[in-house]
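Reproduced below: final14.tsv, with TSV, C-alpha atoms and all ligand atoms.
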chain	number	residue	atom	x	y	z
A	1	MET	CA	13.03	27.96	23.96
A	2	GLN	CA	9.33	28.36	23.20
A	3	PRO	CA	8.72	27.96	19.44
A	4	LYS	CA	7.51	31.12	17.69
A	5	CYS	CA	5.57	29.09	15.13
A	6	ILE	CA	2.91	26.48	15.76
A	7	ILE	CA	1.48	24.30	13.01
A	8	THR	CA	-1.85	22.56	13.47
A	9	GLY	CA	-1.77	19.44	11.36
A	10	GLY	CA	2.02	19.60	11.48
A	11	ALA	CA	2.44	15.81	11.34
A	12	GLY	CA	0.51	15.63	8.09
A	13	PHE	CA	1.77	15.59	4.55
A	14	ILE	CA	1.65	19.36	3.96
A	15	GLY	CA	2.20	20.32	7.60
A	16	SER	CA	5.41	18.33	7.90
A	17	ALA	CA	6.72	19.95	4.70
A	18	LEU	CA	6.02	23.30	6.33
A	19	VAL	CA	7.88	22.19	9.48
A	20	ARG	CA	10.95	21.48	7.34
A	21	GLU	CA	10.55	24.74	5.42
A	22	LEU	CA	10.45	26.79	8.63
A	23	LEU	CA	13.41	24.97	10.19
A	24	ALA	CA	15.42	25.47	6.98
A	25	ASN	CA	14.68	29.19	7.03
A	26	GLY	CA	15.73	30.35	10.45
A	27	GLU	CA	13.36	28.86	13.03
A	28	GLN	CA	15.22	27.07	15.80
A	29	SER	CA	12.21	24.97	16.72
A	30	VAL	CA	8.54	24.69	15.80
A	31	GLY	CA	5.46	23.53	17.66
A	32	VAL	CA	3.10	20.95	16.19
A	33	VAL	CA	-0.49	20.32	17.22
A	34	ASP	CA	-1.81	17.12	15.66
A	35	ASN	CA	-4.25	14.41	16.78
A	36	LEU	CA	-2.46	11.90	14.50
A	37	ASN	CA	-5.74	11.05	12.84
A	38	SER	CA	-4.24	11.31	9.37
A	39	GLY	CA	-0.80	12.67	10.35
A	40	HIS	CA	2.14	10.44	11.26
A	41	LEU	CA	5.03	11.09	13.65
A	42	SER	CA	7.24	9.36	11.06
A	43	ASN	CA	6.76	12.45	8.86
A	44	LEU	CA	8.75	14.40	11.47
A	45	GLU	CA	11.37	11.75	12.19
A	46	GLU	CA	14.38	13.60	10.69
A	47	VAL	CA	13.56	16.83	12.53
A	48	LYS	CA	12.03	15.53	15.75
A	49	ASP	CA	14.70	17.07	17.99
A	50	ARG	CA	13.58	20.52	16.86
A	51	VAL	CA	9.84	19.88	17.04
A	52	GLU	CA	7.65	20.22	20.11
A	53	THR	CA	4.74	17.90	19.38
A	54	HIS	CA	1.38	18.14	21.14
A	55	VAL	CA	-0.92	15.23	20.38
A	56	VAL	CA	-4.08	17.30	20.64
A	57	ASP	CA	-7.33	17.59	18.69
A	58	ILE	CA	-8.30	21.08	17.53
A	59	ARG	CA	-11.78	20.43	18.94
A	60	ASP	CA	-10.13	20.78	22.38
A	61	TYR	CA	-10.17	24.55	22.92
A	62	ASP	CA	-8.76	24.36	26.46
A	63	ALA	CA	-5.69	22.51	25.22
A	64	LEU	CA	-5.10	25.01	22.39
A	65	VAL	CA	-5.31	27.97	24.72
A	66	ARG	CA	-2.63	26.39	26.92
A	67	ILE	CA	-0.33	25.66	23.96
A	68	PHE	CA	-0.55	28.88	21.89
A	69	PRO	CA	0.76	31.57	24.31
A	70	GLY	CA	4.20	32.80	23.25
A	71	ALA	CA	3.65	31.95	19.58
A	72	ASP	CA	3.90	34.69	16.97
A	73	VAL	CA	2.25	32.72	14.14
A	74	VAL	CA	-0.16	29.81	14.07
A	75	TYR	CA	-0.32	27.95	10.76
A	76	HIS	CA	-3.70	26.25	10.73
A	77	LEU	CA	-3.52	23.19	8.48
A	78	ALA	CA	-5.35	20.61	10.60
A	79	ALA	CA	-8.53	19.37	8.91
A	80	ILE	CA	-10.47	16.33	7.85
A	81	PRO	CA	-9.85	16.67	4.12
A	82	SER	CA	-11.58	15.10	1.12
A	83	VAL	CA	-14.68	16.11	-0.78
A	84	PRO	CA	-16.21	12.59	-0.89
A	85	ARG	CA	-15.55	11.96	2.81
A	86	SER	CA	-17.44	15.14	3.67
A	87	ILE	CA	-20.42	13.81	1.71
A	88	GLN	CA	-20.32	10.29	3.11
A	89	ASP	CA	-19.60	11.28	6.72
A	90	PRO	CA	-20.39	14.99	7.10
A	91	VAL	CA	-20.58	15.30	10.89
A	92	PRO	CA	-16.90	14.83	11.82
A	93	SER	CA	-15.70	16.99	8.94
A	94	HIS	CA	-18.10	19.75	9.92
A	95	ASP	CA	-17.02	19.51	13.54
A	96	VAL	CA	-13.28	19.60	12.84
A	97	ASN	CA	-13.22	21.93	9.83
A	98	ILE	CA	-15.66	24.51	11.18
A	99	ASN	CA	-15.80	24.19	14.97
A	100	GLY	CA	-12.14	23.21	15.25
A	101	THR	CA	-11.14	26.12	13.03
A	102	PHE	CA	-13.18	28.51	15.17
A	103	ASN	CA	-11.33	27.14	18.24
A	104	VAL	CA	-7.98	27.79	16.57
A	105	TYR	CA	-8.82	31.42	15.78
A	106	ARG	CA	-10.36	31.98	19.22
A	107	ALA	CA	-7.42	30.43	21.08
A	108	ALA	CA	-4.95	32.36	18.91
A	109	LYS	CA	-6.69	35.63	19.77
A	110	GLU	CA	-6.83	34.72	23.47
A	111	ALA	CA	-3.13	33.78	23.48
A	112	GLY	CA	-1.97	37.01	21.82
A	113	VAL	CA	-0.79	35.35	18.58
A	114	ARG	CA	0.03	37.92	15.87
A	115	ARG	CA	-1.20	36.08	12.76
A	116	VAL	CA	-3.00	32.90	11.72
A	117	VAL	CA	-2.21	31.56	8.25
A	118	TYR	CA	-5.08	29.29	7.21
A	119	ALA	CA	-5.11	26.42	4.72
A	120	ALA	CA	-8.20	27.22	2.66
A	121	SER	CA	-9.26	25.26	-0.41
A	122	SER	CA	-9.69	25.84	-4.13
A	123	SER	CA	-12.85	23.75	-3.82
A	124	ALA	CA	-14.57	26.91	-2.51
A	125	TYR	CA	-14.83	28.17	-6.11
A	126	GLY	CA	-16.96	25.28	-7.33
A	127	ASP	CA	-17.48	25.26	-11.10
A	128	THR	CA	-16.68	28.69	-12.48
A	129	LEU	CA	-17.52	29.78	-16.02
A	130	VAL	CA	-14.03	31.15	-16.52
A	131	LEU	CA	-10.52	29.76	-15.95
A	132	PRO	CA	-8.16	30.48	-14.31
A	133	LYS	CA	-9.99	31.15	-11.06
A	134	THR	CA	-9.32	34.53	-9.48
A	135	GLU	CA	-9.91	35.55	-5.90
A	136	SER	CA	-12.52	38.12	-6.95
A	137	MET	CA	-14.88	35.41	-8.27
A	138	ALA	CA	-17.92	34.60	-6.12
A	139	PRO	CA	-17.41	31.30	-4.27
A	140	SER	CA	-19.85	28.51	-5.08
A	141	PRO	CA	-19.08	25.46	-2.91
A	142	LYS	CA	-20.39	22.13	-4.22
A	143	SER	CA	-19.68	19.93	-1.20
A	144	PRO	CA	-19.71	20.13	2.60
A	145	TYR	CA	-15.90	20.17	2.53
A	146	ALA	CA	-15.80	23.16	0.18
A	147	LEU	CA	-18.33	25.01	2.32
A	148	GLN	CA	-16.46	24.20	5.53
A	149	LYS	CA	-13.18	25.46	4.13
A	150	LEU	CA	-14.87	28.65	2.91
A	151	MET	CA	-16.32	29.22	6.37
A	152	GLY	CA	-12.79	29.14	7.79
A	153	GLU	CA	-11.79	31.97	5.43
A	154	TYR	CA	-14.75	34.03	6.52
A	155	TYR	CA	-13.87	33.43	10.16
A	156	GLY	CA	-10.33	34.56	9.40
A	157	SER	CA	-11.44	37.87	7.95
A	158	VAL	CA	-13.94	38.40	10.79
A	159	PHE	CA	-11.30	37.69	13.45
A	160	ASP	CA	-9.18	40.29	11.67
A	161	SER	CA	-11.88	42.96	11.45
A	162	CYS	CA	-13.71	42.35	14.76
A	163	PHE	CA	-10.97	41.05	17.05
A	164	GLY	CA	-7.73	42.45	15.63
A	165	LEU	CA	-6.17	39.03	14.99
A	166	GLU	CA	-4.24	39.05	11.71
A	167	SER	CA	-5.22	36.29	9.29
A	168	VAL	CA	-4.26	35.23	5.78
A	169	SER	CA	-6.13	32.47	3.92
A	170	LEU	CA	-4.42	30.49	1.18
A	171	ARG	CA	-6.58	28.44	-1.16
A	172	PHE	CA	-4.57	25.28	-1.78
A	173	PHE	CA	-4.97	23.70	-5.21
A	174	ASN	CA	-4.55	19.90	-5.19
A	175	VAL	CA	-1.25	19.63	-3.39
A	176	TYR	CA	0.89	16.55	-4.13
A	177	GLY	CA	4.38	15.32	-3.34
A	178	PRO	CA	6.44	13.09	-1.06
A	179	ARG	CA	4.71	11.79	2.09
A	180	GLN	CA	1.18	12.10	0.75
A	181	ASP	CA	-0.48	9.05	2.29
A	182	PRO	CA	-2.06	6.78	-0.34
A	183	SER	CA	-3.59	4.37	2.16
A	184	SER	CA	-7.19	5.64	2.18
A	185	PRO	CA	-9.78	5.65	-0.61
A	186	TYR	CA	-10.07	9.37	0.22
A	187	SER	CA	-6.37	9.99	-0.47
A	188	GLY	CA	-5.26	12.52	-3.11
A	189	VAL	CA	-5.55	11.14	-6.61
A	190	LEU	CA	-1.84	11.33	-7.50
A	191	SER	CA	-0.83	9.34	-4.43
A	192	LEU	CA	-3.39	6.68	-5.43
A	193	PHE	CA	-2.16	6.66	-9.04
A	194	MET	CA	1.47	6.24	-7.96
A	195	LYS	CA	0.65	3.44	-5.54
A	196	ALA	CA	-1.34	1.69	-8.29
A	197	ALA	CA	1.55	2.08	-10.74
A	198	MET	CA	4.06	0.57	-8.31
A	199	GLU	CA	1.73	-2.33	-7.55
A	200	ARG	CA	1.02	-2.79	-11.28
A	201	LYS	CA	-2.70	-2.39	-10.63
A	202	ALA	CA	-5.00	-0.29	-12.81
A	203	PRO	CA	-6.26	2.82	-11.02
A	204	THR	CA	-9.89	3.88	-11.14
A	205	ILE	CA	-10.69	7.16	-12.81
A	206	PHE	CA	-14.02	8.67	-11.81
A	207	GLY	CA	-15.71	10.05	-14.92
A	208	ASP	CA	-14.03	10.45	-18.31
A	209	GLY	CA	-10.64	11.50	-16.91
A	210	GLU	CA	-10.79	14.80	-18.74
A	211	GLN	CA	-11.44	16.74	-15.52
A	212	SER	CA	-8.43	18.90	-14.76
A	213	ARG	CA	-6.62	20.15	-11.67
A	214	ASP	CA	-3.89	22.63	-10.86
A	215	PHE	CA	-1.58	20.12	-9.17
A	216	THR	CA	0.84	22.01	-6.93
A	217	TYR	CA	4.04	20.56	-5.54
A	218	VAL	CA	4.12	20.49	-1.75
A	219	GLU	CA	7.41	22.41	-1.38
A	220	ASP	CA	6.03	25.29	-3.44
A	221	VAL	CA	3.02	25.44	-1.14
A	222	ALA	CA	5.16	25.31	2.01
A	223	ALA	CA	7.33	28.17	0.72
A	224	LEU	CA	4.27	30.33	0.06
A	225	VAL	CA	2.71	29.54	3.42
A	226	ARG	CA	5.86	30.77	5.17
A	227	LYS	CA	5.88	33.97	3.12
A	228	ALA	CA	2.23	34.59	4.00
A	229	SER	CA	3.16	34.80	7.68
A	230	MET	CA	5.58	37.68	7.14
A	231	VAL	CA	4.22	40.09	4.53
A	232	PRO	CA	2.64	43.20	6.09
A	233	GLY	CA	-0.60	44.75	4.85
A	234	VAL	CA	-2.34	41.55	3.70
A	235	SER	CA	-4.31	40.64	6.80
A	236	GLY	CA	-7.89	39.52	6.26
A	237	LYS	CA	-7.17	38.56	2.65
A	238	VAL	CA	-7.55	35.37	0.62
A	239	PHE	CA	-4.98	34.21	-1.97
A	240	ASN	CA	-4.77	31.34	-4.42
A	241	ALA	CA	-1.92	28.98	-3.58
A	242	GLY	CA	-1.70	27.11	-6.87
A	243	ASN	CA	0.90	26.58	-9.52
A	244	GLY	CA	-1.13	28.16	-12.34
A	245	GLY	CA	-1.23	25.11	-14.65
A	246	ARG	CA	-3.97	22.58	-15.33
A	247	TYR	CA	-3.63	18.87	-16.12
A	248	THR	CA	-6.20	16.17	-16.81
A	249	LEU	CA	-6.26	12.85	-14.98
A	250	ASN	CA	-5.80	11.03	-18.28
A	251	PHE	CA	-2.60	12.99	-18.95
A	252	LEU	CA	-1.30	12.33	-15.45
A	253	TRP	CA	-1.91	8.59	-15.59
A	254	GLU	CA	-0.02	8.59	-18.92
A	255	GLU	CA	2.91	10.42	-17.34
A	256	ILE	CA	3.03	8.08	-14.35
A	257	GLN	CA	3.00	5.02	-16.61
A	258	LYS	CA	5.97	6.48	-18.49
A	259	LEU	CA	7.85	7.07	-15.23
A	260	GLU	CA	7.29	3.45	-14.23
A	261	GLY	CA	7.83	2.07	-17.74
A	262	ILE	CA	4.46	0.32	-17.80
A	263	THR	CA	1.35	0.18	-19.97
A	264	LEU	CA	-1.73	-0.34	-17.86
A	265	PRO	CA	-5.06	1.12	-18.99
A	266	ALA	CA	-7.09	2.72	-16.20
A	267	ASN	CA	-10.56	1.55	-15.20
A	268	TYR	CA	-13.26	4.18	-15.60
A	269	GLY	CA	-16.10	4.52	-13.09
A	270	PRO	CA	-19.00	6.91	-12.68
A	271	PRO	CA	-18.20	10.57	-11.90
A	272	ARG	CA	-17.78	11.37	-8.21
A	273	GLY	CA	-20.43	13.43	-6.39
A	274	GLY	CA	-19.37	16.94	-5.39
A	275	ASP	CA	-16.51	16.99	-7.92
A	276	VAL	CA	-15.47	20.18	-9.62
A	277	ARG	CA	-14.81	19.76	-13.37
A	278	ASP	CA	-11.80	22.02	-13.84
A	279	SER	CA	-9.51	23.83	-11.47
A	280	GLN	CA	-6.72	26.28	-12.23
A	281	ALA	CA	-5.35	29.10	-10.12
A	282	ASP	CA	-4.74	32.64	-11.19
A	283	THR	CA	-1.54	33.21	-9.23
A	284	THR	CA	-1.18	36.93	-10.02
A	285	ALA	CA	-2.19	38.20	-6.59
A	286	ALA	CA	-0.09	35.66	-4.67
A	287	LYS	CA	2.93	36.50	-6.81
A	288	ARG	CA	2.50	40.24	-6.54
A	289	GLU	CA	1.51	40.55	-2.89
A	290	LEU	CA	3.17	37.54	-1.23
A	291	GLY	CA	6.14	36.87	-3.51
A	292	HIS	CA	4.80	33.46	-4.58
A	293	ASP	CA	7.42	31.85	-6.83
A	294	PRO	CA	6.61	28.22	-7.67
A	295	GLN	CA	9.72	26.26	-8.67
A	296	PHE	CA	8.44	22.85	-9.71
A	297	THR	CA	7.03	21.89	-13.09
A	298	ILE	CA	4.56	19.02	-13.11
A	299	GLU	CA	7.18	16.75	-14.72
A	300	GLU	CA	9.75	17.51	-12.03
A	301	GLY	CA	7.20	17.23	-9.23
A	302	LEU	CA	5.91	13.87	-10.50
A	303	ARG	CA	9.45	12.54	-10.86
A	304	ARG	CA	10.46	13.55	-7.35
A	305	THR	CA	7.26	12.18	-5.87
A	306	MET	CA	7.58	8.86	-7.68
A	307	ASP	CA	11.22	8.60	-6.53
A	308	TRP	CA	10.09	9.11	-2.95
A	309	TYR	CA	7.39	6.43	-3.14
A	310	ARG	CA	9.88	4.00	-4.66
A	311	ALA	CA	12.39	4.68	-1.89
A	312	HIS	CA	9.75	4.32	0.83
A	313	LYS	CA	7.89	1.33	-0.53
A	314	ALA	CA	6.38	-0.61	2.39
A	401	LIG	C1	-10.34	18.81	-3.47
A	401	LIG	C2	-9.97	20.28	-3.66
A	401	LIG	C3	-8.63	20.56	-3.03
A	401	LIG	C4	-8.60	20.02	-1.60
A	401	LIG	C5	-8.86	18.54	-1.61
A	401	LIG	C6	-8.86	17.96	-0.21
A	401	LIG	C7	-11.03	20.91	-5.77
A	401	LIG	C8	-10.83	21.44	-7.14
A	401	LIG	N1	-9.93	20.64	-5.07
A	401	LIG	O1	-9.52	18.08	-4.27
A	401	LIG	O2	-8.42	21.97	-3.01
A	401	LIG	O3	-7.38	20.29	-1.01
A	401	LIG	O4	-10.16	18.35	-2.16
A	401	LIG	O5	-9.11	16.62	-0.20
A	401	LIG	O6	-12.14	20.76	-5.31
A	401	LIG	N2	-10.18	10.68	-8.63
A	401	LIG	C9	-10.15	9.57	-9.46
A	401	LIG	N3	-9.75	8.39	-8.94
A	401	LIG	C10	-9.39	8.23	-7.62
A	401	LIG	C11	-9.43	9.36	-6.79
A	401	LIG	C12	-9.83	10.58	-7.33
A	401	LIG	O7	-10.48	9.66	-10.64
A	401	LIG	O8	-9.05	7.11	-7.22
A	401	LIG	C13	-10.56	11.97	-9.22
A	401	LIG	C14	-11.64	12.70	-8.45
A	401	LIG	O9	-12.93	12.28	-8.82
A	401	LIG	C15	-11.33	14.14	-8.87
A	401	LIG	C16	-9.81	14.15	-9.04
A	401	LIG	O10	-9.43	12.80	-9.17
A	401	LIG	O11	-11.95	14.44	-10.10
A	401	LIG	C17	-9.07	14.74	-7.86
A	401	LIG	O12	-9.55	14.15	-6.67
A	401	LIG	P1	-8.85	14.36	-5.26
A	401	LIG	O13	-7.41	14.03	-5.34
A	401	LIG	O14	-9.70	13.68	-4.24
A	401	LIG	O15	-8.89	15.92	-5.07
A	401	LIG	P2	-10.08	17.00	-5.27
A	401	LIG	O16	-11.37	16.47	-4.80
A	401	LIG	O17	-9.96	17.61	-6.61

Please express the file's structure as C-alpha cells.
Ligand code: UD1
Amino acid sequence: MQPKCIITGGAGFIGSALVRELLANGEQSVGVVDNLNSGHLSNLEEVKDRVETHVVDIRDYDALVRIFPGADVVYHLAAIPSVPRSIQDPVPSHDVNINGTFNVYRAAKEAGVRRVVYAASSSAYGDTLVLPKTESMAPSPKSPYALQKLMGEYYGSVFDSCFGLESVSLRFFNVYGPRQDPSSPYSGVLSLFMKAAMERKAPTIFGDGEQSRDFTYVEDVAALVRKASMVPGVSGKVFNAGNGGRYTLNFLWEEIQKLEGITLPANYGPPRGGDVRDSQADTTAAKRELGHDPQFTIEEGLRRTMDWYRAHKA
C-alpha cells in the first residue's frame, strides 16, 4: 500500500526518529526520501520492512513529483544543517536548504499533498534581547543557515496563502539524542561531547562555555512533528519546537563527565562565527495549539543518549 506519509531526510537522526514515531502510532508504512548524504540506512534497520526508501536528492524536482502523489503529508526534514558549515561552504547549503525546499513545496502542491510539516530552526531568531524566544519576535538570522531555514518558513506560508497547500513550520531547538552522528566537526555539540567523553579526550568549547541552548530530546520533537500534521486551523503558522529550558555548555560537559565517571577539563577555543549566545523556546503556543507535551528532562535525555552511544560504540 502507498504510504500516506513521506519524510524527506527520513534516514537522518531526527527523520528516523519520526519514522519510528509514525509507525508506532498507526501508520502501516512510511516513505523516505533521502540522498544519504548525512543520513544512514542503518538508522532504519529495525523498521526497514515498513519503510519505502527513495535514495533521491531534494534538488531533483522531477523525482519528487513522481514520489509524492498519494501522500497526505510530507514531513520536510532534509537539509544541510550546521551554522559553521553554511559559513564555510555556503553554496551547497543554499542550494539544498532554499532551492531544495522550494522543490519540496512545489512538488507537494503538484502531487495534491494535503500538508507539509517543515523543520525550521531556532537559529532564525538570532540574538534576541529577551528570553525565552516567542514566535511573535522579529527574526534576525546571523548566518546563511539561519537565513535559509527562515526562507523555508516564508515559502511555507506563501504556499499556504497563494497555492492552498497547508504548511506548518516548527522551529527546532538544538535537538539531541540517540543516533545523532558525531563523526563530523559540524555535528551537534552534545554528540561531540559524548564521543569525547567515551574516548577520554577533552572536547573543545568555542568561547567561554556560558552560551546556552534549549536542548530538546529527539523523541519529544518527533512526537510534536506528528501532532503538527493533524491539528486543523494552524496552516501557514510557525511554532517553537523546544523543551523550554536552557543549559550552558559548561554545565553539560560537567553532566556528561559525571555520567562517564571522569574528570577531564575541556579545552577552550575562540568563539564560533555566526553563533547565537543564548537560545530558549517559549513553548506556550506549541502546547496550546498543537498539544506539545515534552516528556524528557535534560538529565533523562542525556542518560538515554549516553547509554545509546555506549551500546553502539564502533
Ligand atoms: C544551530 C541552531 C539549531 C539548528 C542547528 C543545526 C541556534 C540557537 N541553534 O545549532 O536550531 O538545528 O544549528 O546545525 O542557532 N560548540 C562547541 N564545541 C563543539 C561544537 C559546538 O563549543 O565542538 C558550541 C557552538 O559554538 C555553539 C554550541 O556549541 O555555541 C552549539 O553548537 P551546535 O551543536 O553546532 O548547534 P547550534 O549552532 O547552536

Would you give me, as JSON lines, each residue of chain A having an atom within 6 Å of an atom of ligand LIG 401 (chain A), along with its shortest atom pair and that distance in Å to one decimal, using all atoms listed in the file and sorting by chain and residue number?
{"residue": "A:Pro81", "atom": "CA", "partner": "A:LIG401", "partner_atom": "O5", "distance": 4.4}
{"residue": "A:Ser82", "atom": "CA", "partner": "A:LIG401", "partner_atom": "O5", "distance": 3.2}
{"residue": "A:Val83", "atom": "CA", "partner": "A:LIG401", "partner_atom": "O16", "distance": 5.2}
{"residue": "A:Ser121", "atom": "CA", "partner": "A:LIG401", "partner_atom": "O2", "distance": 4.3}
{"residue": "A:Ser122", "atom": "CA", "partner": "A:LIG401", "partner_atom": "O2", "distance": 4.2}
{"residue": "A:Ser123", "atom": "CA", "partner": "A:LIG401", "partner_atom": "O6", "distance": 3.4}
{"residue": "A:Phe172", "atom": "CA", "partner": "A:LIG401", "partner_atom": "O2", "distance": 5.2}
{"residue": "A:Phe173", "atom": "CA", "partner": "A:LIG401", "partner_atom": "O2", "distance": 4.4}
{"residue": "A:Asn174", "atom": "CA", "partner": "A:LIG401", "partner_atom": "C3", "distance": 4.7}
{"residue": "A:Gly188", "atom": "CA", "partner": "A:LIG401", "partner_atom": "O13", "distance": 3.4}
{"residue": "A:Val189", "atom": "CA", "partner": "A:LIG401", "partner_atom": "O13", "distance": 3.7}
{"residue": "A:Leu192", "atom": "CA", "partner": "A:LIG401", "partner_atom": "O8", "distance": 6.0}
{"residue": "A:Thr204", "atom": "CA", "partner": "A:LIG401", "partner_atom": "N3", "distance": 5.0}
{"residue": "A:Ile205", "atom": "CA", "partner": "A:LIG401", "partner_atom": "O7", "distance": 3.3}
{"residue": "A:Phe206", "atom": "CA", "partner": "A:LIG401", "partner_atom": "O7", "distance": 3.9}
{"residue": "A:Gln211", "atom": "CA", "partner": "A:LIG401", "partner_atom": "O11", "distance": 5.9}
{"residue": "A:Arg272", "atom": "CA", "partner": "A:LIG401", "partner_atom": "O9", "distance": 5.0}
{"residue": "A:Asp275", "atom": "CA", "partner": "A:LIG401", "partner_atom": "O11", "distance": 5.7}
{"residue": "A:Val276", "atom": "CA", "partner": "A:LIG401", "partner_atom": "C8", "distance": 5.4}
{"residue": "A:Ser279", "atom": "CA", "partner": "A:LIG401", "partner_atom": "C8", "distance": 5.1}

Which distance in Å separates atom CA of Val30 of chain A and atom CA of Pro69 of chain A, to one decimal?
-> 13.4 Å

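In this model, the gap between atom CA of Thr248 of chain A and atom CA of Pro90 of chain A comes to 27.8 Å.
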
Selection near segment 34-46 of chain A, 9 Å with all atoms listed in the file, sequence-local residues under 4 positions removed, as a count of residues only = 23

List every protein, DNA or RNA residue with an atom no more than 10 Å from (0.8, 32.6, 5.0) in the file's coordinates, counting only C-alpha atoms, and format the result as a VMD selection string.
-> chain A and resid 73 to 76 115 to 119 167 to 170 221 to 231 234 to 235 238 to 239 241 290

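We find atom CA of Ala79 of chain A and atom CA of Val96 of chain A to be spaced 6.2 Å apart.
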
Missing atoms of segment 12-33 of chain A rebuilt to N, CA and C atoms, written as a PDB file, keeping the file's coordinate frame:
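rebuild.pdb, written as the output of this step:
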ATOM      1  N   GLY A  12       1.095  16.065   9.360  1.00  0.00           N
ATOM      2  CA  GLY A  12       0.510  15.630   8.090  1.00  0.00           C
ATOM      3  C   GLY A  12       1.463  15.834   6.928  1.00  0.00           C
ATOM      4  N   PHE A  13       0.967  15.518   5.771  1.00  0.00           N
ATOM      5  CA  PHE A  13       1.770  15.590   4.550  1.00  0.00           C
ATOM      6  C   PHE A  13       2.207  17.034   4.250  1.00  0.00           C
ATOM      7  N   ILE A  14       1.276  17.964   4.251  1.00  0.00           N
ATOM      8  CA  ILE A  14       1.650  19.360   3.960  1.00  0.00           C
ATOM      9  C   ILE A  14       2.269  20.001   5.203  1.00  0.00           C
ATOM     10  N   GLY A  15       1.694  19.724   6.360  1.00  0.00           N
ATOM     11  CA  GLY A  15       2.200  20.320   7.600  1.00  0.00           C
ATOM     12  C   GLY A  15       3.648  19.975   7.870  1.00  0.00           C
ATOM     13  N   SER A  16       4.024  18.728   7.611  1.00  0.00           N
ATOM     14  CA  SER A  16       5.410  18.330   7.900  1.00  0.00           C
ATOM     15  C   SER A  16       6.370  18.966   6.883  1.00  0.00           C
ATOM     16  N   ALA A  17       5.885  19.221   5.665  1.00  0.00           N
ATOM     17  CA  ALA A  17       6.720  19.950   4.700  1.00  0.00           C
ATOM     18  C   ALA A  17       6.923  21.389   5.174  1.00  0.00           C
ATOM     19  N   LEU A  18       5.900  21.942   5.783  1.00  0.00           N
ATOM     20  CA  LEU A  18       6.020  23.300   6.330  1.00  0.00           C
ATOM     21  C   LEU A  18       6.977  23.316   7.531  1.00  0.00           C
ATOM     22  N   VAL A  19       6.918  22.292   8.362  1.00  0.00           N
ATOM     23  CA  VAL A  19       7.880  22.190   9.480  1.00  0.00           C
ATOM     24  C   VAL A  19       9.302  22.276   8.936  1.00  0.00           C
ATOM     25  N   ARG A  20       9.597  21.498   7.902  1.00  0.00           N
ATOM     26  CA  ARG A  20      10.950  21.480   7.340  1.00  0.00           C
ATOM     27  C   ARG A  20      11.300  22.821   6.692  1.00  0.00           C
ATOM     28  N   GLU A  21      10.334  23.428   6.045  1.00  0.00           N
ATOM     29  CA  GLU A  21      10.550  24.740   5.420  1.00  0.00           C
ATOM     30  C   GLU A  21      10.901  25.799   6.476  1.00  0.00           C
ATOM     31  N   LEU A  22      10.200  25.791   7.592  1.00  0.00           N
ATOM     32  CA  LEU A  22      10.450  26.790   8.630  1.00  0.00           C
ATOM     33  C   LEU A  22      11.814  26.555   9.286  1.00  0.00           C
ATOM     34  N   LEU A  23      12.118  25.284   9.548  1.00  0.00           N
ATOM     35  CA  LEU A  23      13.410  24.970  10.190  1.00  0.00           C
ATOM     36  C   LEU A  23      14.576  25.301   9.254  1.00  0.00           C
ATOM     37  N   ALA A  24      14.353  25.176   7.951  1.00  0.00           N
ATOM     38  CA  ALA A  24      15.420  25.470   6.980  1.00  0.00           C
ATOM     39  C   ALA A  24      15.593  26.973   6.766  1.00  0.00           C
ATOM     40  N   ASN A  25      14.656  27.746   7.271  1.00  0.00           N
ATOM     41  CA  ASN A  25      14.680  29.190   7.030  1.00  0.00           C
ATOM     42  C   ASN A  25      14.713  29.999   8.315  1.00  0.00           C
ATOM     43  N   GLY A  26      15.430  29.511   9.303  1.00  0.00           N
ATOM     44  CA  GLY A  26      15.730  30.350  10.450  1.00  0.00           C
ATOM     45  C   GLY A  26      15.065  30.010  11.767  1.00  0.00           C
ATOM     46  N   GLU A  27      13.968  29.206  11.735  1.00  0.00           N
ATOM     47  CA  GLU A  27      13.360  28.860  13.030  1.00  0.00           C
ATOM     48  C   GLU A  27      14.231  27.827  13.741  1.00  0.00           C
ATOM     49  N   GLN A  28      14.441  28.037  15.023  1.00  0.00           N
ATOM     50  CA  GLN A  28      15.220  27.070  15.800  1.00  0.00           C
ATOM     51  C   GLN A  28      14.393  25.838  16.128  1.00  0.00           C
ATOM     52  N   SER A  29      13.106  26.083  16.399  1.00  0.00           N
ATOM     53  CA  SER A  29      12.210  24.970  16.720  1.00  0.00           C
ATOM     54  C   SER A  29      10.805  25.370  16.277  1.00  0.00           C
ATOM     55  N   VAL A  30       9.938  24.391  16.102  1.00  0.00           N
ATOM     56  CA  VAL A  30       8.540  24.690  15.800  1.00  0.00           C
ATOM     57  C   VAL A  30       7.643  23.805  16.664  1.00  0.00           C
ATOM     58  N   GLY A  31       6.447  24.308  16.914  1.00  0.00           N
ATOM     59  CA  GLY A  31       5.460  23.530  17.660  1.00  0.00           C
ATOM     60  C   GLY A  31       4.485  22.886  16.691  1.00  0.00           C
ATOM     61  N   VAL A  32       4.069  21.676  17.023  1.00  0.00           N
ATOM     62  CA  VAL A  32       3.100  20.950  16.190  1.00  0.00           C
ATOM     63  C   VAL A  32       1.918  20.541  17.067  1.00  0.00           C
ATOM     64  N   VAL A  33       0.733  20.810  16.581  1.00  0.00           N
ATOM     65  CA  VAL A  33      -0.490  20.320  17.220  1.00  0.00           C
ATOM     66  C   VAL A  33      -1.125  19.366  16.213  1.00  0.00           C
TER      67      VAL A  33
END
